[in-house]
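Structure file start.pdb with PDB, C-alpha atoms, pLDDT in the B column:
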```
ATOM      1  CA  MET K   1      -3.772  -1.631  16.337  1.00 44.00           C
ATOM      2  CA  GLY K   2      -4.377  -2.056  12.632  1.00 41.00           C
ATOM      3  CA  SER K   3      -7.832  -1.909  11.139  1.00 38.00           C
ATOM      4  CA  ARG K   4      -9.425  -3.239   7.986  1.00 37.00           C
ATOM      5  CA  PHE K   5     -10.266  -0.735   5.271  1.00 40.00           C
ATOM      6  CA  PHE K   6     -12.279  -1.915   2.307  1.00 37.00           C
ATOM      7  CA  ALA K   7     -11.147  -1.386  -1.259  1.00 44.00           C
ATOM      8  CA  VAL K   8     -13.180  -2.962  -3.998  1.00 42.00           C
ATOM      9  CA  VAL K   9     -11.337  -2.711  -7.231  1.00 51.00           C
ATOM     10  CA  PHE K  10     -12.437  -4.993 -10.056  1.00 62.00           C
ATOM     11  CA  ALA K  11     -14.224  -4.692 -13.371  1.00 58.00           C
ATOM     12  CA  ALA K  12     -15.773  -7.456 -15.432  1.00 49.00           C
ATOM     13  CA  GLY K  13     -17.033  -7.427 -18.988  1.00 42.00           C
ATOM     14  CA  VAL K  14     -18.289  -4.190 -20.454  1.00 35.00           C
ATOM     15  CA  CYS K  15     -20.871  -2.796 -18.039  1.00 32.00           C
ATOM     16  CA  SER K  16     -20.311  -0.763 -14.885  1.00 32.00           C
ATOM     17  CA  ALA K  17     -21.539  -1.138 -11.300  1.00 32.00           C
ATOM     18  CA  ALA K  18     -19.872   0.563  -8.358  1.00 30.00           C
ATOM     19  CA  LEU K  19     -18.884  -1.123  -5.206  1.00 29.00           C
ATOM     20  CA  ALA K  20     -14.809   0.431  -1.834  1.00 37.00           C
ATOM     21  CA  GLN K  21     -15.179   1.074  -0.138  1.00 40.00           C
ATOM     22  CA  ALA K  22     -13.872   2.743   0.532  1.00 37.00           C
ATOM     23  CA  GLY K  23     -11.402   2.584  -1.488  1.00 39.00           C
ATOM     24  CA  ASN K  24     -12.227   1.159  -5.051  1.00 50.00           C
ATOM     25  CA  SER K  25     -15.696  -1.125  -6.707  1.00 48.00           C
ATOM     26  CA  LEU K  26     -16.416  -4.281  -8.648  1.00 47.00           C
ATOM     27  CA  VAL K  27     -18.082  -3.913 -12.008  1.00 51.00           C
ATOM     28  CA  ASP K  28     -20.176  -6.961 -12.641  1.00 54.00           C
ATOM     29  CA  ASN K  29     -21.896  -8.259 -15.773  1.00 56.00           C
ATOM     30  CA  THR K  30     -22.609 -11.767 -14.538  1.00 57.00           C
ATOM     31  CA  ARG K  31     -25.804 -12.958 -16.118  1.00 59.00           C
ATOM     32  CA  THR K  32     -28.613 -15.000 -14.689  1.00 58.00           C
ATOM     33  CA  ALA K  33     -29.264 -18.352 -16.301  1.00 56.00           C
ATOM     34  CA  PRO K  34     -31.406 -18.151 -19.443  1.00 58.00           C
ATOM     35  CA  PRO K  35     -34.625 -20.158 -19.792  1.00 59.00           C
ATOM     36  CA  PRO K  36     -33.989 -23.932 -19.856  1.00 60.00           C
ATOM     37  CA  THR K  37     -35.172 -24.122 -23.450  1.00 74.00           C
ATOM     38  CA  ARG K  38     -31.585 -23.925 -24.750  1.00 81.00           C
ATOM     39  CA  GLN K  39     -28.159 -25.102 -23.664  1.00 90.00           C
ATOM     40  CA  LEU K  40     -25.988 -22.707 -21.670  1.00 92.00           C
ATOM     41  CA  THR K  41     -22.931 -21.291 -23.369  1.00 92.00           C
ATOM     42  CA  THR K  42     -19.503 -21.808 -21.822  1.00 93.00           C
ATOM     43  CA  GLU K  43     -19.418 -18.173 -20.743  1.00 93.00           C
ATOM     44  CA  GLU K  44     -22.856 -18.383 -19.138  1.00 93.00           C
ATOM     45  CA  ARG K  45     -21.850 -21.469 -17.177  1.00 94.00           C
ATOM     46  CA  GLY K  46     -18.713 -19.679 -16.033  1.00 94.00           C
ATOM     47  CA  ASP K  47     -20.757 -16.647 -14.992  1.00 94.00           C
ATOM     48  CA  ILE K  48     -22.992 -18.807 -12.827  1.00 95.00           C
ATOM     49  CA  LEU K  49     -19.982 -20.386 -11.126  1.00 95.00           C
ATOM     50  CA  MET K  50     -18.511 -16.921 -10.527  1.00 94.00           C
ATOM     51  CA  ALA K  51     -21.774 -15.772  -8.952  1.00 93.00           C
ATOM     52  CA  ARG K  52     -21.577 -18.805  -6.654  1.00 95.00           C
ATOM     53  CA  LYS K  53     -17.965 -17.911  -5.801  1.00 93.00           C
ATOM     54  CA  MET K  54     -16.747 -21.211  -7.253  1.00 96.00           C
ATOM     55  CA  TYR K  55     -13.708 -19.534  -8.770  1.00 96.00           C
ATOM     56  CA  ARG K  56     -11.566 -22.559  -9.590  1.00 97.00           C
ATOM     57  CA  GLU K  57     -14.451 -24.212 -11.371  1.00 97.00           C
ATOM     58  CA  ALA K  58     -15.203 -20.949 -13.178  1.00 96.00           C
ATOM     59  CA  ILE K  59     -11.591 -20.740 -14.387  1.00 97.00           C
ATOM     60  CA  GLU K  60     -11.747 -24.282 -15.754  1.00 97.00           C
ATOM     61  CA  THR K  61     -15.018 -23.521 -17.497  1.00 96.00           C
ATOM     62  CA  PHE K  62     -13.875 -20.263 -19.070  1.00 97.00           C
ATOM     63  CA  GLN K  63     -10.583 -21.839 -20.151  1.00 96.00           C
ATOM     64  CA  SER K  64     -12.452 -24.632 -21.929  1.00 96.00           C
ATOM     65  CA  ASP K  65     -13.861 -22.101 -24.398  1.00 92.00           C
ATOM     66  CA  PRO K  66     -11.919 -22.613 -27.657  1.00 92.00           C
ATOM     67  CA  HIS K  67     -12.698 -19.066 -28.837  1.00 91.00           C
ATOM     68  CA  LYS K  68     -11.743 -16.914 -25.876  1.00 94.00           C
ATOM     69  CA  THR K  69     -12.667 -13.255 -26.179  1.00 96.00           C
ATOM     70  CA  ALA K  70     -11.214 -10.326 -24.274  1.00 96.00           C
ATOM     71  CA  VAL K  71     -14.193 -10.542 -21.915  1.00 95.00           C
ATOM     72  CA  ILE K  72     -13.461 -14.207 -21.164  1.00 96.00           C
ATOM     73  CA  TYR K  73      -9.803 -13.477 -20.387  1.00 96.00           C
ATOM     74  CA  ASP K  74     -10.887 -10.620 -18.124  1.00 95.00           C
ATOM     75  CA  LYS K  75     -13.250 -12.924 -16.238  1.00 96.00           C
ATOM     76  CA  ILE K  76     -10.528 -15.547 -15.849  1.00 96.00           C
ATOM     77  CA  GLY K  77      -8.352 -12.785 -14.418  1.00 96.00           C
ATOM     78  CA  ILE K  78     -11.039 -11.812 -11.916  1.00 95.00           C
ATOM     79  CA  ALA K  79     -11.426 -15.424 -10.784  1.00 96.00           C
ATOM     80  CA  TYR K  80      -7.667 -15.716 -10.216  1.00 96.00           C
ATOM     81  CA  HIS K  81      -7.741 -12.336  -8.456  1.00 94.00           C
ATOM     82  CA  GLN K  82     -10.373 -13.616  -6.049  1.00 93.00           C
ATOM     83  CA  LEU K  83      -8.104 -16.564  -5.301  1.00 95.00           C
ATOM     84  CA  GLN K  84      -5.289 -14.058  -4.596  1.00 93.00           C
ATOM     85  CA  GLN K  85      -3.242 -15.444  -7.488  1.00 96.00           C
ATOM     86  CA  LEU K  86      -2.211 -12.015  -8.681  1.00 95.00           C
ATOM     87  CA  ASP K  87       0.362 -13.096 -11.266  1.00 97.00           C
ATOM     88  CA  ASN K  88      -2.188 -15.263 -13.059  1.00 97.00           C
ATOM     89  CA  ALA K  89      -4.805 -12.530 -12.743  1.00 96.00           C
ATOM     90  CA  LYS K  90      -2.507  -9.943 -14.314  1.00 97.00           C
ATOM     91  CA  LYS K  91      -1.514 -12.258 -17.177  1.00 97.00           C
ATOM     92  CA  ASN K  92      -5.143 -12.755 -18.138  1.00 97.00           C
ATOM     93  CA  TYR K  93      -6.026  -9.080 -17.838  1.00 96.00           C
ATOM     94  CA  GLU K  94      -3.091  -8.337 -20.150  1.00 98.00           C
ATOM     95  CA  LYS K  95      -4.333 -10.939 -22.640  1.00 97.00           C
ATOM     96  CA  ALA K  96      -7.697  -9.175 -22.615  1.00 97.00           C
ATOM     97  CA  VAL K  97      -6.046  -5.814 -23.358  1.00 97.00           C
ATOM     98  CA  LYS K  98      -3.931  -7.380 -26.108  1.00 97.00           C
ATOM     99  CA  LEU K  99      -7.094  -8.595 -27.821  1.00 97.00           C
ATOM    100  CA  GLN K 100      -8.993  -5.339 -27.190  1.00 96.00           C
ATOM    101  CA  HIS K 101      -6.732  -2.318 -26.689  1.00 95.00           C
ATOM    102  CA  ASN K 102      -9.557  -0.039 -25.571  1.00 96.00           C
ATOM    103  CA  TYR K 103     -10.850  -2.428 -22.890  1.00 95.00           C
ATOM    104  CA  ALA K 104     -11.223  -0.007 -19.985  1.00 95.00           C
ATOM    105  CA  GLU K 105     -12.366  -2.612 -17.482  1.00 94.00           C
ATOM    106  CA  ALA K 106      -9.318  -4.832 -18.082  1.00 95.00           C
ATOM    107  CA  LEU K 107      -6.978  -1.831 -17.787  1.00 96.00           C
ATOM    108  CA  ASN K 108      -8.687  -0.969 -14.523  1.00 94.00           C
ATOM    109  CA  ASN K 109      -8.152  -4.514 -13.311  1.00 94.00           C
ATOM    110  CA  ILE K 110      -4.435  -4.405 -14.059  1.00 95.00           C
ATOM    111  CA  GLY K 111      -4.425  -1.295 -11.897  1.00 94.00           C
ATOM    112  CA  THR K 112      -6.059  -3.299  -9.103  1.00 93.00           C
ATOM    113  CA  VAL K 113      -3.198  -5.808  -9.190  1.00 94.00           C
ATOM    114  CA  TYR K 114      -0.673  -3.015  -8.740  1.00 95.00           C
ATOM    115  CA  TYR K 115      -2.862  -1.554  -5.998  1.00 92.00           C
ATOM    116  CA  ALA K 116      -2.953  -4.897  -4.178  1.00 91.00           C
ATOM    117  CA  ARG K 117       0.850  -4.980  -4.390  1.00 93.00           C
ATOM    118  CA  LYS K 118       0.957  -1.439  -2.966  1.00 92.00           C
ATOM    119  CA  ASN K 119       2.477  -0.076  -6.183  1.00 95.00           C
ATOM    120  CA  TYR K 120       0.081   2.852  -6.115  1.00 94.00           C
ATOM    121  CA  ARG K 121       1.897   4.907  -8.745  1.00 97.00           C
ATOM    122  CA  ARG K 122       1.461   2.165 -11.369  1.00 97.00           C
ATOM    123  CA  ALA K 123      -2.136   1.616 -10.257  1.00 95.00           C
ATOM    124  CA  ILE K 124      -2.870   5.304 -10.820  1.00 97.00           C
ATOM    125  CA  SER K 125      -1.319   5.099 -14.290  1.00 98.00           C
ATOM    126  CA  TYR K 126      -3.619   2.243 -15.325  1.00 96.00           C
ATOM    127  CA  TYR K 127      -6.710   3.843 -13.789  1.00 95.00           C
ATOM    128  CA  LYS K 128      -5.998   6.999 -15.780  1.00 97.00           C
ATOM    129  CA  ARG K 129      -5.588   4.978 -18.981  1.00 97.00           C
ATOM    130  CA  ALA K 130      -8.939   3.312 -18.328  1.00 96.00           C
ATOM    131  CA  LEU K 131     -10.632   6.650 -17.664  1.00 97.00           C
ATOM    132  CA  LYS K 132      -9.464   8.009 -21.018  1.00 97.00           C
ATOM    133  CA  ILE K 133     -11.616   5.285 -22.569  1.00 96.00           C
ATOM    134  CA  SER K 134     -14.558   5.200 -20.165  1.00 93.00           C
ATOM    135  CA  ALA K 135     -15.654   7.754 -17.555  1.00 93.00           C
ATOM    136  CA  SER K 136     -16.703   5.194 -14.958  1.00 91.00           C
ATOM    137  CA  ALA K 137     -17.700   5.987 -11.380  1.00 91.00           C
ATOM    138  CA  SER K 138     -16.065   2.756 -10.248  1.00 90.00           C
ATOM    139  CA  ILE K 139     -12.744   3.588 -11.863  1.00 93.00           C
ATOM    140  CA  TYR K 140     -12.777   7.141 -10.526  1.00 94.00           C
ATOM    141  CA  SER K 141     -13.396   5.643  -7.086  1.00 91.00           C
ATOM    142  CA  ASN K 142     -10.415   3.335  -7.566  1.00 92.00           C
ATOM    143  CA  LEU K 143      -8.261   6.249  -8.690  1.00 94.00           C
ATOM    144  CA  GLY K 144      -9.253   8.189  -5.597  1.00 93.00           C
ATOM    145  CA  THR K 145      -8.352   5.285  -3.357  1.00 91.00           C
ATOM    146  CA  ALA K 146      -4.915   4.951  -4.953  1.00 92.00           C
ATOM    147  CA  TYR K 147      -4.291   8.678  -4.465  1.00 93.00           C
ATOM    148  CA  PHE K 148      -5.513   8.337  -0.897  1.00 92.00           C
ATOM    149  CA  ALA K 149      -3.005   5.541  -0.280  1.00 91.00           C
ATOM    150  CA  ARG K 150      -0.250   7.949  -1.408  1.00 93.00           C
ATOM    151  CA  LYS K 151      -1.642  10.597   0.962  1.00 92.00           C
ATOM    152  CA  GLN K 152      -2.448  12.862  -1.994  1.00 95.00           C
ATOM    153  CA  TYR K 153      -5.705  13.882  -0.383  1.00 92.00           C
ATOM    154  CA  LYS K 154      -6.635  16.751  -2.725  1.00 93.00           C
ATOM    155  CA  LEU K 155      -6.294  14.532  -5.805  1.00 96.00           C
ATOM    156  CA  ALA K 156      -8.129  11.743  -3.991  1.00 93.00           C
ATOM    157  CA  THR K 157     -11.012  14.060  -3.139  1.00 93.00           C
ATOM    158  CA  ASP K 158     -11.243  15.309  -6.726  1.00 95.00           C
ATOM    159  CA  ALA K 159     -11.408  11.735  -8.027  1.00 95.00           C
ATOM    160  CA  TYR K 160     -13.988  10.741  -5.421  1.00 93.00           C
ATOM    161  CA  GLN K 161     -16.066  13.776  -6.349  1.00 94.00           C
ATOM    162  CA  GLU K 162     -16.030  12.744 -10.023  1.00 96.00           C
ATOM    163  CA  ALA K 163     -17.161   9.273  -8.986  1.00 93.00           C
ATOM    164  CA  LEU K 164     -19.970  10.768  -6.916  1.00 93.00           C
ATOM    165  CA  ASN K 165     -21.035  13.025  -9.786  1.00 94.00           C
ATOM    166  CA  LEU K 166     -21.352  10.020 -12.094  1.00 94.00           C
ATOM    167  CA  ASP K 167     -23.072   7.793  -9.535  1.00 92.00           C
ATOM    168  CA  PRO K 168     -24.477   9.403  -6.376  1.00 92.00           C
ATOM    169  CA  ASP K 169     -24.483   6.015  -4.643  1.00 90.00           C
ATOM    170  CA  VAL K 170     -21.059   4.799  -5.754  1.00 87.00           C
ATOM    171  CA  PHE K 171     -19.755   4.514  -2.192  1.00 85.00           C
ATOM    172  CA  GLU K 172     -22.828   2.703  -0.939  1.00 82.00           C
ATOM    173  CA  HIS K 173     -22.926  -0.128  -3.484  1.00 74.00           C
ATOM    174  CA  LYS K 174     -22.079  -3.693  -2.553  1.00 56.00           C
ATOM    175  CA  SER K 175     -20.336  -6.039  -4.976  1.00 50.00           C
ATOM    176  CA  ASN K 176     -21.524  -9.490  -5.974  1.00 39.00           C
ATOM    177  CA  TYR K 177     -17.962 -10.773  -6.185  1.00 39.00           C
ATOM    178  CA  GLY K 178     -16.772  -9.646  -2.791  1.00 32.00           C
ATOM    179  CA  THR K 179     -14.181  -7.282  -1.445  1.00 28.00           C
ATOM    180  CA  LEU K 180     -10.425  -7.070  -1.354  1.00 31.00           C
ATOM    181  CA  LEU K 181      -9.260  -5.925   2.037  1.00 30.00           C
ATOM    182  CA  GLU K 182      -6.268  -3.640   2.430  1.00 42.00           C
ATOM    183  CA  ASP K 183      -4.707  -2.834   5.777  1.00 43.00           C
ATOM    184  CA  ARG K 184      -5.190   0.741   6.861  1.00 55.00           C
ATOM    185  CA  ASN K 185      -4.646   2.239  10.248  1.00 61.00           C
ATOM    186  CA  VAL K 186      -7.488   3.830  12.153  1.00 67.00           C
ATOM    187  CA  GLU K 187      -6.257   7.362  11.464  1.00 75.00           C
ATOM    188  CA  GLU K 188      -6.385   6.843   7.686  1.00 81.00           C
ATOM    189  CA  ARG K 189      -9.833   5.287   7.870  1.00 85.00           C
ATOM    190  CA  ALA K 190     -11.078   8.206   9.958  1.00 88.00           C
ATOM    191  CA  ARG K 191      -9.713  10.663   7.398  1.00 89.00           C
ATOM    192  CA  PHE K 192     -11.355   8.754   4.555  1.00 89.00           C
ATOM    193  CA  HIS K 193     -14.739   8.907   6.294  1.00 91.00           C
ATOM    194  CA  TYR K 194     -14.231  12.600   6.996  1.00 92.00           C
ATOM    195  CA  TYR K 195     -13.824  13.254   3.260  1.00 92.00           C
ATOM    196  CA  LEU K 196     -16.944  11.224   2.484  1.00 92.00           C
ATOM    197  CA  ALA K 197     -18.874  13.217   5.093  1.00 94.00           C
ATOM    198  CA  LYS K 198     -17.650  16.441   3.511  1.00 93.00           C
ATOM    199  CA  MET K 199     -18.700  15.394   0.002  1.00 93.00           C
ATOM    200  CA  TYR K 200     -22.121  14.199   1.100  1.00 94.00           C
ATOM    201  CA  ALA K 201     -22.671  17.384   3.114  1.00 93.00           C
ATOM    202  CA  LYS K 202     -21.727  19.484   0.082  1.00 92.00           C
ATOM    203  CA  ALA K 203     -24.231  17.499  -2.007  1.00 92.00           C
ATOM    204  CA  GLY K 204     -26.985  18.124   0.562  1.00 93.00           C
ATOM    205  CA  ARG K 205     -27.261  14.447   1.506  1.00 94.00           C
ATOM    206  CA  THR K 206     -27.602  15.108   5.207  1.00 94.00           C
ATOM    207  CA  GLU K 207     -28.316  11.571   6.414  1.00 95.00           C
ATOM    208  CA  LEU K 208     -25.226  10.079   4.770  1.00 94.00           C
ATOM    209  CA  ALA K 209     -23.116  13.077   5.774  1.00 94.00           C
ATOM    210  CA  MET K 210     -24.074  12.585   9.415  1.00 95.00           C
ATOM    211  CA  GLN K 211     -23.401   8.854   9.152  1.00 94.00           C
ATOM    212  CA  TYR K 212     -19.828   9.503   8.078  1.00 93.00           C
ATOM    213  CA  VAL K 213     -19.310  12.360  10.535  1.00 94.00           C
ATOM    214  CA  ARG K 214     -20.166   9.919  13.290  1.00 93.00           C
ATOM    215  CA  LYS K 215     -17.849   7.275  11.826  1.00 91.00           C
ATOM    216  CA  CYS K 216     -14.875   9.577  11.481  1.00 91.00           C
ATOM    217  CA  LEU K 217     -15.266  10.785  15.065  1.00 91.00           C
ATOM    218  CA  GLU K 218     -15.664   7.250  16.409  1.00 90.00           C
ATOM    219  CA  GLU K 219     -12.462   6.345  14.588  1.00 87.00           C
ATOM    220  CA  GLY K 220     -10.618   9.161  16.298  1.00 88.00           C
ATOM    221  CA  PHE K 221     -10.541  11.921  13.670  1.00 89.00           C
ATOM    222  CA  LYS K 222      -8.150  14.422  15.210  1.00 85.00           C
ATOM    223  CA  GLU K 223      -9.108  17.574  13.303  1.00 88.00           C
ATOM    224  CA  LYS K 224     -12.525  18.068  14.829  1.00 87.00           C
ATOM    225  CA  LYS K 225     -12.243  21.819  14.371  1.00 89.00           C
ATOM    226  CA  LYS K 226     -12.640  21.332  10.624  1.00 91.00           C
ATOM    227  CA  LEU K 227     -16.139  19.961  11.188  1.00 91.00           C
ATOM    228  CA  GLU K 228     -17.011  23.084  13.143  1.00 88.00           C
ATOM    229  CA  GLU K 229     -15.504  25.590  10.701  1.00 91.00           C
ATOM    230  CA  GLU K 230     -15.479  24.313   7.122  1.00 91.00           C
ATOM    231  CA  PRO K 231     -18.319  25.724   4.991  1.00 94.00           C
ATOM    232  CA  GLU K 232     -19.422  22.334   3.650  1.00 93.00           C
ATOM    233  CA  PHE K 233     -20.693  21.417   7.112  1.00 94.00           C
ATOM    234  CA  GLN K 234     -22.654  24.646   7.634  1.00 92.00           C
ATOM    235  CA  ALA K 235     -26.028  23.012   6.988  1.00 91.00           C
ATOM    236  CA  LEU K 236     -25.303  20.305   9.567  1.00 93.00           C
ATOM    237  CA  ARG K 237     -24.385  22.601  12.405  1.00 90.00           C
ATOM    238  CA  ASN K 238     -27.989  23.366  13.349  1.00 90.00           C
ATOM    239  CA  LEU K 239     -28.837  19.703  13.726  1.00 93.00           C
ATOM    240  CA  ASP K 240     -29.175  18.437  17.282  1.00 92.00           C
ATOM    241  CA  GLU K 241     -27.319  15.244  16.380  1.00 93.00           C
ATOM    242  CA  PHE K 242     -24.379  17.232  15.025  1.00 93.00           C
ATOM    243  CA  LYS K 243     -24.290  19.434  18.135  1.00 90.00           C
ATOM    244  CA  GLU K 244     -24.318  16.359  20.369  1.00 90.00           C
ATOM    245  CA  LEU K 245     -21.439  14.806  18.436  1.00 88.00           C
ATOM    246  CA  MET K 246     -19.401  17.986  18.698  1.00 88.00           C
ATOM    247  CA  ALA K 247     -20.043  18.232  22.447  1.00 86.00           C
ATOM    248  CA  ALA K 248     -19.396  14.577  23.190  1.00 79.00           C
ATOM    249  CA  GLU K 249     -16.242  12.552  23.332  1.00 72.00           C
ATOM    250  CA  PRO K 250     -17.155   9.685  21.004  1.00 59.00           C
ATOM    251  CA  ARG K 251     -16.131   6.176  21.938  1.00 61.00           C
ATOM    252  CA  VAL K 252     -13.249   5.382  19.619  1.00 56.00           C
ATOM    253  CA  LEU K 253     -13.660   2.009  17.928  1.00 54.00           C
TER
END
```

Representation of the structure as structure tokens:
Amino acid sequence: MGSRFFAVVFAAGVCSAALAQAGNSLVDNTRTAPPPTRQLTTEERGDILMARKMYREAIETFQSDPHKTAVIYDKIGIAYHQLQQLDNAKKNYEKAVKLQHNYAEALNNIGTVYYARKNYRRAISYYKRALKISASASIYSNLGTAYFARKQYKLATDAYQEALNLDPDVFEHKSNYGTLLEDRNVEERARFHYYLAKMYAKAGRTELAMQYVRKCLEEGFKEKKKLEEEPEFQALRNLDEFKELMAAEPRVL
């Protein structure tokens, strides 16, 4: 009775945009086509192909650039990653880091390869290296997801909270490049949504808190008493919707 749990865990170029699900986000710096008054650069053509999810064509285009930068190698890595060719993805991320040692996004992406291979300890190591260079909400989200996979829930919550502090909507973003799916059982997904509900309730974001309370209960969260007793949920307890959820036996998905 497995279930799909989203973990978005990429970074591209040098700008940040959160996306994981649960889990971990894609940082995207794909550019729109410039005015037709000049010829597109190789990188711009590759960006357009990436945005269209034409990853093989994007790889060929990026690789045709005779002066590859760290950013180009990182984008080649992302394209391979989307094709699930993790060895090729990792090789190109490492080339990016070799050219630019302080390239936080490429370090993050190496972490995503280890995460995809369920080597969470190594993933955490690379996420931490990236965070020493750039305090990114996306990378903190990825770090939290890796801790969560190791059942280190306190560390996961701390990392998620840092992500939320940097970007209040980090867990609500959607990526342009798509999502990597990792298998998680229903119990783990329910726990993840419980922690999101708790963080949103603490931040006073009642609507999102209630959304995730409902989700965690529908997914069979077994520690319902925590919702009734923990101080973070105090402000929700007077809501009719919350009372109804506590009184009902939600249909487990």

Under the PyMOL selection byres ((chain K and resi 78) around 9), which residues of this model are included? Write them out as a list in words. Phe10, Ala11, Ala12, Tyr55, Tyr73, Asp74, Lys75, Ile76, Gly77, Ala79, Tyr80, His81, Gln82, Leu83, Ala89, Asn92, Tyr93 and Asn109 of chain K

On this structure, which residues satisfy the PyMOL selection byres ((chain K and resi 113) around 9), written as a list in words?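 In the shown coordinates, the PyMOL selection byres ((chain K and resi 113) around 9) covers Val9, His81, Leu86, Asp87, Ala89, Lys90, Asn109, Ile110, Gly111, Thr112, Tyr114, Tyr115, Ala116, Arg117, Lys118, Asn119 and Ala123 of chain K.
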
Point-to-point distance in Å for CA of Phe192 in chain K and CA of Thr157 in chain K: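 A separation of 9.4 Å between them.
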
Work out how far apart CA of Ala203 in chain K and CA of Ala149 in chain K are and give it in Å to one decimal.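 Going from CA of Ala203 in chain K over to CA of Ala149 in chain K covers 24.4 Å.
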
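Nearest residue to Leu166 in chain K among K:Tyr140, K:Tyr147, K:Tyr153, K:Phe221 is K:Tyr140, counting all atoms listed in the file.
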
Nearest to Ser141 in chain K by atom-to-atom distance, counting all atoms listed in the file, from K:Glu162, K:Glu244, K:Arg121, K:Arg191: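 Closest candidate: K:Glu162.
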
Phe148 in chain K: which residues within 10 Å, counting all atoms listed in the file, same-chain residues fewer than 5 positions away excluded, as a list of chain:residue names?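 My list of contacting residues is K:Gly23, K:Tyr120, K:Asn142, K:Leu143, K:Tyr153, K:Lys154, K:Leu155, K:Ala156, K:Thr157, K:Ala159, K:Tyr160, K:Glu188, K:Arg191, K:Phe192.
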
Same residues, C-alpha atoms, output as a short mmCIF file (atom, residue, chain, number, x, y, z; two decimals), in the coordinates of the input:
```
data_model
loop_
_atom_site.label_atom_id
_atom_site.label_comp_id
_atom_site.auth_asym_id
_atom_site.auth_seq_id
_atom_site.Cartn_x
_atom_site.Cartn_y
_atom_site.Cartn_z
CA GLY K 23 -11.40 2.58 -1.49
CA TYR K 120 0.08 2.85 -6.12
CA ASN K 142 -10.42 3.34 -7.57
CA LEU K 143 -8.26 6.25 -8.69
CA TYR K 153 -5.70 13.88 -0.38
CA LYS K 154 -6.64 16.75 -2.72
CA LEU K 155 -6.29 14.53 -5.80
CA ALA K 156 -8.13 11.74 -3.99
CA THR K 157 -11.01 14.06 -3.14
CA ALA K 159 -11.41 11.74 -8.03
CA TYR K 160 -13.99 10.74 -5.42
CA GLU K 188 -6.38 6.84 7.69
CA ARG K 191 -9.71 10.66 7.40
CA PHE K 192 -11.36 8.75 4.56
#
```

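Near range 131-133 of chain K, within 9 Å and counting all atoms listed in the file, sit Asn102, Tyr103, Ala104, Asn108, Tyr126, Tyr127, Lys128, Arg129, Ala135, Ser136, Ile139 and Tyr140 of chain K; same-chain residues fewer than 2 positions away were not included.
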
Which one of K:Met210, K:Leu49, K:Ile72, K:Cys216 sits closest to Leu239 in chain K if you count all atoms listed in the file? K:Met210

Separating CA of Arg189 in chain K from CA of Glu219 in chain K, to the nearest tenth of an Å, is a gap of 7.3 Å

Please determine the residues with any atom at most 9 Å from (-14.3, -22.8, -17.3) (coordinates as given in the file, with all atoms listed in the file counting) and report them as a list in words.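 Collected hits near the coordinates: Thr42, Glu43, Arg45, Gly46, Leu49, Arg56, Glu57, Ala58, Ile59, Glu60, Thr61, Phe62, Gln63, Ser64, Asp65 and Ile76 of chain K.
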
Distance criterion (only C-alpha atoms): nearest to Lys202 in chain K out of K:Leu236, K:Ala146, K:Ala70, K:Leu99: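 For Lys202 in chain K, the nearest of the given residues is K:Leu236.
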
Find the residues near Gly204 in chain K: any atom within 12 Å, counting all atoms listed in the file, skip ones fewer than 3 places away on the same chain, and give them as number ranges by chain. K: 168, 197-201, 207-210, 232-236

Test item: residues at most 8 Å from Lys224 in chain K, only C-alpha atoms, excluding those fewer than 4 positions along its chain, as an NGL selection string: :K and (217 or 228 or 246)

What would the file look like if the residues just selected were written as a compact mmCIF listing (two decimals), in the coordinates of the input with C-alpha atoms?
```txt
# COMPACT_ATOMS: atom_id res chain seq x y z
CA LEU K 217 -15.27 10.78 15.06
CA GLU K 228 -17.01 23.08 13.14
CA MET K 246 -19.40 17.99 18.70
```
